[in-house]
Amino acid sequence: MGSQRAIELYSIAMVAQFDKTKCKQVGCDQGFHNYLYYEGGLKPFLESHDCTINVHRQGDGAVNNLAAMRNSPLRDQGVVIDGKANDGIVVVNNDKSTPSPVVHQFDRDKELKVALRKKTSSMLAQWRSSIR
């Protein structure tokens, strides 16, 4: 997330890292992100173009990345809770116990993956019936 210019510059850095490594394995992109941020000079590169970068602690930003939390079910960690309507909808909370605006890598948790696939199928079926 960010300004168009910052995203363009970040993309340039990511492509350059790919060109340098030629890595095609699953997960290279995460390695590129980490390398560029922690070792590869991303911050000074962005700042030289009047852009900044902010990295938030897990659960403390607009995007809640769940991949790092897969050591136990998210419900056991208090991250996934039942919705108020008790209709099978679950809520993903951030570290302030409020709903996360954006959830990244929800498919790493079995319960959440099943719940979201079920909701997606239901919404798709409803949409399909509305266009007939």
# chains A, B, ... in the order shown; residues from 1 in each chain; ligands from 1
>>> residues_around(residues="Asn65 in chain A", least_positions_apart="2", cutoff="7 Å", atoms="only C-alpha atoms", output="VMD selection string")
chain A and resid 58 63 67 103 to 105
>>> atom_distance(atom1="CA of Glu39 in chain A", atom2="CA of Gly27 in chain A")
17.7 Å
>>> select_by_dssp(residues="range 20-119 of chain A", states="helix (DSSP H, G or I)", output="mmCIF file with N, CA, C and O atoms, in the first residue's frame")
data_model
loop_
_atom_site.group_PDB
_atom_site.id
_atom_site.type_symbol
_atom_site.label_atom_id
_atom_site.label_comp_id
_atom_site.auth_asym_id
_atom_site.auth_seq_id
_atom_site.Cartn_x
_atom_site.Cartn_y
_atom_site.Cartn_z
ATOM 1 N N LYS A 20 18.509 -10.194 -10.823
ATOM 2 C CA LYS A 20 19.819 -10.519 -10.244
ATOM 3 C C LYS A 20 19.899 -11.993 -9.836
ATOM 4 O O LYS A 20 20.914 -12.642 -10.058
ATOM 5 N N THR A 21 18.837 -12.523 -9.241
ATOM 6 C CA THR A 21 18.892 -13.888 -8.682
ATOM 7 C C THR A 21 18.358 -14.957 -9.632
ATOM 8 O O THR A 21 18.717 -16.117 -9.499
ATOM 9 N N CYS A 28 10.066 -17.083 -3.402
ATOM 10 C CA CYS A 28 11.163 -16.135 -3.668
ATOM 11 C C CYS A 28 10.726 -14.701 -3.402
ATOM 12 O O CYS A 28 11.523 -13.891 -2.922
ATOM 13 N N ASP A 29 9.489 -14.388 -3.727
ATOM 14 C CA ASP A 29 9.040 -13.010 -3.544
ATOM 15 C C ASP A 29 9.166 -12.571 -2.090
ATOM 16 O O ASP A 29 9.604 -11.464 -1.804
ATOM 17 N N GLN A 30 8.830 -13.451 -1.143
ATOM 18 C CA GLN A 30 8.955 -13.085 0.266
ATOM 19 C C GLN A 30 10.415 -12.872 0.634
ATOM 20 O O GLN A 30 10.763 -11.943 1.356
ATOM 21 N N GLY A 31 11.278 -13.724 0.107
ATOM 22 C CA GLY A 31 12.708 -13.535 0.330
ATOM 23 C C GLY A 31 13.196 -12.219 -0.247
ATOM 24 O O GLY A 31 14.018 -11.535 0.370
ATOM 25 N N PHE A 32 12.684 -11.860 -1.417
ATOM 26 C CA PHE A 32 13.054 -10.575 -2.025
ATOM 27 C C PHE A 32 12.611 -9.414 -1.127
ATOM 28 O O PHE A 32 13.373 -8.472 -0.892
ATOM 29 N N HIS A 33 11.371 -9.471 -0.655
ATOM 30 C CA HIS A 33 10.862 -8.419 0.236
ATOM 31 C C HIS A 33 11.787 -8.257 1.440
ATOM 32 O O HIS A 33 12.222 -7.152 1.759
ATOM 33 N N ASN A 34 12.063 -9.381 2.099
ATOM 34 C CA ASN A 34 12.884 -9.334 3.313
ATOM 35 C C ASN A 34 14.284 -8.825 3.017
ATOM 36 O O ASN A 34 14.816 -7.986 3.745
ATOM 37 N N TYR A 35 14.902 -9.342 1.960
ATOM 38 C CA TYR A 35 16.256 -8.910 1.621
ATOM 39 C C TYR A 35 16.289 -7.411 1.319
ATOM 40 O O TYR A 35 17.138 -6.676 1.839
ATOM 41 N N LEU A 36 15.373 -6.957 0.480
ATOM 42 C CA LEU A 36 15.369 -5.547 0.105
ATOM 43 C C LEU A 36 15.163 -4.644 1.316
ATOM 44 O O LEU A 36 15.807 -3.601 1.442
ATOM 45 N N TYR A 37 14.285 -5.051 2.206
ATOM 46 C CA TYR A 37 14.017 -4.205 3.373
ATOM 47 C C TYR A 37 15.170 -4.243 4.377
ATOM 48 O O TYR A 37 15.638 -3.213 4.836
ATOM 49 N N TYR A 38 15.626 -5.442 4.723
ATOM 50 C CA TYR A 38 16.607 -5.566 5.802
ATOM 51 C C TYR A 38 18.059 -5.437 5.352
ATOM 52 O O TYR A 38 18.913 -5.035 6.128
ATOM 53 N N LEU A 42 16.544 -0.795 0.467
ATOM 54 C CA LEU A 42 15.268 -0.283 -0.042
ATOM 55 C C LEU A 42 14.925 1.083 0.553
ATOM 56 O O LEU A 42 14.509 1.991 -0.178
ATOM 57 N N LYS A 43 15.115 1.241 1.837
ATOM 58 C CA LYS A 43 14.746 2.504 2.485
ATOM 59 C C LYS A 43 15.500 3.689 1.888
ATOM 60 O O LYS A 43 14.871 4.674 1.491
ATOM 61 N N PRO A 44 16.853 3.635 1.781
ATOM 62 C CA PRO A 44 17.535 4.787 1.167
ATOM 63 C C PRO A 44 17.158 4.992 -0.300
ATOM 64 O O PRO A 44 17.096 6.130 -0.783
ATOM 65 N N PHE A 45 16.898 3.889 -1.020
ATOM 66 C CA PHE A 45 16.478 4.001 -2.422
ATOM 67 C C PHE A 45 15.167 4.775 -2.517
ATOM 68 O O PHE A 45 15.034 5.709 -3.315
ATOM 69 N N LEU A 46 14.191 4.406 -1.693
ATOM 70 C CA LEU A 46 12.903 5.094 -1.712
ATOM 71 C C LEU A 46 13.054 6.545 -1.256
ATOM 72 O O LEU A 46 12.478 7.457 -1.859
ATOM 73 N N GLU A 47 13.832 6.750 -0.188
ATOM 74 C CA GLU A 47 14.007 8.108 0.326
ATOM 75 C C GLU A 47 14.696 9.015 -0.685
ATOM 76 O O GLU A 47 14.418 10.215 -0.730
ATOM 77 N N ALA A 67 0.404 -15.491 7.703
ATOM 78 C CA ALA A 67 1.308 -16.609 7.410
ATOM 79 C C ALA A 67 2.237 -16.933 8.567
ATOM 80 O O ALA A 67 2.516 -18.100 8.826
ATOM 81 N N ALA A 68 2.707 -15.932 9.261
ATOM 82 C CA ALA A 68 3.662 -16.164 10.347
ATOM 83 C C ALA A 68 3.002 -16.757 11.586
ATOM 84 O O ALA A 68 3.683 -17.157 12.516
ATOM 85 N N MET A 69 1.684 -16.848 11.585
ATOM 86 C CA MET A 69 0.960 -17.312 12.767
ATOM 87 C C MET A 69 0.479 -18.752 12.633
ATOM 88 O O MET A 69 -0.416 -19.180 13.341
ATOM 89 N N PHE A 106 -4.913 -15.790 4.247
ATOM 90 C CA PHE A 106 -5.919 -16.442 5.087
ATOM 91 C C PHE A 106 -5.924 -17.950 4.884
ATOM 92 O O PHE A 106 -6.334 -18.698 5.763
ATOM 93 N N ASP A 107 -5.463 -18.398 3.717
ATOM 94 C CA ASP A 107 -5.527 -19.824 3.392
ATOM 95 C C ASP A 107 -4.532 -20.654 4.196
ATOM 96 O O ASP A 107 -4.543 -21.880 4.113
ATOM 97 N N ARG A 108 -3.709 -20.035 5.013
ATOM 98 C CA ARG A 108 -2.765 -20.783 5.853
ATOM 99 C C ARG A 108 -3.449 -21.413 7.055
ATOM 100 O O ARG A 108 -2.889 -22.244 7.734
ATOM 101 N N LYS A 110 -6.730 -23.583 8.312
ATOM 102 C CA LYS A 110 -7.746 -24.481 7.743
ATOM 103 C C LYS A 110 -9.164 -23.960 7.970
ATOM 104 O O LYS A 110 -9.967 -23.903 7.038
ATOM 105 N N GLU A 111 -9.502 -23.585 9.189
ATOM 106 C CA GLU A 111 -10.860 -23.113 9.477
ATOM 107 C C GLU A 111 -11.200 -21.868 8.680
ATOM 108 O O GLU A 111 -12.284 -21.767 8.097
ATOM 109 N N LEU A 112 -10.281 -20.945 8.623
ATOM 110 C CA LEU A 112 -10.520 -19.695 7.908
ATOM 111 C C LEU A 112 -10.646 -19.941 6.409
ATOM 112 O O LEU A 112 -11.516 -19.375 5.747
ATOM 113 N N LYS A 113 -9.814 -20.826 5.880
ATOM 114 C CA LYS A 113 -9.880 -21.152 4.459
ATOM 115 C C LYS A 113 -11.247 -21.755 4.110
ATOM 116 O O LYS A 113 -11.884 -21.351 3.135
ATOM 117 N N VAL A 114 -11.715 -22.684 4.919
ATOM 118 C CA VAL A 114 -13.014 -23.319 4.668
ATOM 119 C C VAL A 114 -14.140 -22.287 4.771
ATOM 120 O O VAL A 114 -15.029 -22.232 3.923
ATOM 121 N N ALA A 115 -14.098 -21.450 5.799
ATOM 122 C CA ALA A 115 -15.151 -20.447 5.998
ATOM 123 C C ALA A 115 -15.205 -19.462 4.834
ATOM 124 O O ALA A 115 -16.287 -19.131 4.336
ATOM 125 N N LEU A 116 -14.043 -19.017 4.380
ATOM 126 C CA LEU A 116 -14.032 -18.044 3.287
ATOM 127 C C LEU A 116 -14.406 -18.675 1.948
ATOM 128 O O LEU A 116 -15.069 -18.036 1.132
ATOM 129 N N ARG A 117 -14.012 -19.898 1.741
ATOM 130 C CA ARG A 117 -14.448 -20.575 0.502
ATOM 131 C C ARG A 117 -15.956 -20.766 0.495
ATOM 132 O O ARG A 117 -16.605 -20.589 -0.535
ATOM 133 N N LYS A 118 -16.521 -21.126 1.636
ATOM 134 C CA LYS A 118 -17.968 -21.303 1.734
ATOM 135 C C LYS A 118 -18.687 -19.982 1.471
ATOM 136 O O LYS A 118 -19.652 -19.921 0.712
ATOM 137 N N LYS A 119 -18.205 -18.910 2.073
ATOM 138 C CA LYS A 119 -18.822 -17.591 1.876
ATOM 139 C C LYS A 119 -18.668 -17.141 0.430
ATOM 140 O O LYS A 119 -19.612 -16.609 -0.168
#
>>> atom_distance(atom1="CA of Met14 in chain A", atom2="CA of Arg57 in chain A")
21.6 Å
>>> closest_residue(among="A:Met1, A:Ala6, A:Val92, A:Ile81", to="Asn64 in chain A", atoms="only C-alpha atoms")
A:Val92
>>> closest_residue(among="A:Ile89, A:Met123, A:Val26, A:Leu9", to="Ser48 in chain A", atoms="only C-alpha atoms")
A:Leu9
>>> atom_distance(atom1="CA of Gly40 in chain A", atom2="CA of Val55 in chain A")
15.1 Å
>>> select_by_dssp(residues="range 13-93 of chain A", states="strand (DSSP E or B)", output="MDAnalysis selection string")
chainID A and resid 63:65 80:82 90:93
>>> write_last_selection(atoms="N, CA and C atoms", output="PDB file, in the first residue's frame")
ATOM      1  N   VAL A  63      -3.033  -4.185   6.947  1.00  0.00           N
ATOM      2  CA  VAL A  63      -2.984  -5.537   6.397  1.00  0.00           C
ATOM      3  C   VAL A  63      -2.496  -6.487   7.485  1.00  0.00           C
ATOM      4  N   ASN A  64      -3.303  -7.480   7.787  1.00  0.00           N
ATOM      5  CA  ASN A  64      -2.950  -8.484   8.791  1.00  0.00           C
ATOM      6  C   ASN A  64      -2.444  -9.718   8.052  1.00  0.00           C
ATOM      7  N   ASN A  65      -1.138  -9.935   8.082  1.00  0.00           N
ATOM      8  CA  ASN A  65      -0.516 -11.077   7.403  1.00  0.00           C
ATOM      9  C   ASN A  65      -0.513 -12.268   8.353  1.00  0.00           C
ATOM     10  N   VAL A  80      -9.093 -15.605  15.261  1.00  0.00           N
ATOM     11  CA  VAL A  80     -10.356 -15.890  14.586  1.00  0.00           C
ATOM     12  C   VAL A  80     -11.428 -16.091  15.656  1.00  0.00           C
ATOM     13  N   ILE A  81     -12.521 -15.344  15.503  1.00  0.00           N
ATOM     14  CA  ILE A  81     -13.653 -15.475  16.413  1.00  0.00           C
ATOM     15  C   ILE A  81     -14.928 -15.584  15.596  1.00  0.00           C
ATOM     16  N   ASP A  82     -16.002 -16.021  16.226  1.00  0.00           N
ATOM     17  CA  ASP A  82     -17.293 -16.095  15.544  1.00  0.00           C
ATOM     18  C   ASP A  82     -17.871 -14.702  15.378  1.00  0.00           C
ATOM     19  N   VAL A  90     -16.923 -15.845  10.280  1.00  0.00           N
ATOM     20  CA  VAL A  90     -15.888 -15.635  11.284  1.00  0.00           C
ATOM     21  C   VAL A  90     -15.244 -14.275  11.065  1.00  0.00           C
ATOM     22  N   VAL A  91     -14.641 -13.746  12.112  1.00  0.00           N
ATOM     23  CA  VAL A  91     -13.978 -12.449  12.083  1.00  0.00           C
ATOM     24  C   VAL A  91     -12.509 -12.678  12.395  1.00  0.00           C
ATOM     25  N   VAL A  92     -11.640 -11.989  11.675  1.00  0.00           N
ATOM     26  CA  VAL A  92     -10.201 -12.031  11.943  1.00  0.00           C
ATOM     27  C   VAL A  92      -9.838 -10.730  12.642  1.00  0.00           C
ATOM     28  N   ASN A  93      -9.368 -10.848  13.867  1.00  0.00           N
ATOM     29  CA  ASN A  93      -9.009  -9.670  14.642  1.00  0.00           C
ATOM     30  C   ASN A  93      -7.531  -9.329  14.506  1.00  0.00           C
TER      31      ASN A  93
END
>>> residues_around(residues="Asn71 in chain A", least_positions_apart="5", cutoff="12 Å", atoms="only C-alpha atoms", output="PDB file with N, CA and C atoms, in the first residue's frame")
ATOM      1  N   LEU A  66      -1.258 -13.298   7.995  1.00  0.00           N
ATOM      2  CA  LEU A  66      -1.456 -14.434   8.892  1.00  0.00           C
ATOM      3  C   LEU A  66      -0.446 -15.560   8.717  1.00  0.00           C
ATOM      4  N   ASP A  76      -7.294 -20.778  18.193  1.00  0.00           N
ATOM      5  CA  ASP A  76      -6.610 -21.035  19.459  1.00  0.00           C
ATOM      6  C   ASP A  76      -5.788 -19.832  19.915  1.00  0.00           C
ATOM      7  N   GLN A  77      -5.370 -19.002  18.969  1.00  0.00           N
ATOM      8  CA  GLN A  77      -4.587 -17.810  19.282  1.00  0.00           C
ATOM      9  C   GLN A  77      -5.468 -16.585  19.539  1.00  0.00           C
ATOM     10  N   ARG A 108      -3.709 -20.035   5.013  1.00  0.00           N
ATOM     11  CA  ARG A 108      -2.765 -20.783   5.853  1.00  0.00           C
ATOM     12  C   ARG A 108      -3.449 -21.413   7.055  1.00  0.00           C
ATOM     13  N   ASP A 109      -4.685 -20.985   7.338  1.00  0.00           N
ATOM     14  CA  ASP A 109      -5.454 -21.520   8.463  1.00  0.00           C
ATOM     15  C   ASP A 109      -6.633 -22.315   7.917  1.00  0.00           C
TER      16      ASP A 109
END
>>> closest_residue(among="A:Phe18, A:Gly41, A:Gly61, A:Ile7", to="Val102 in chain A", atoms="only C-alpha atoms")
A:Gly61
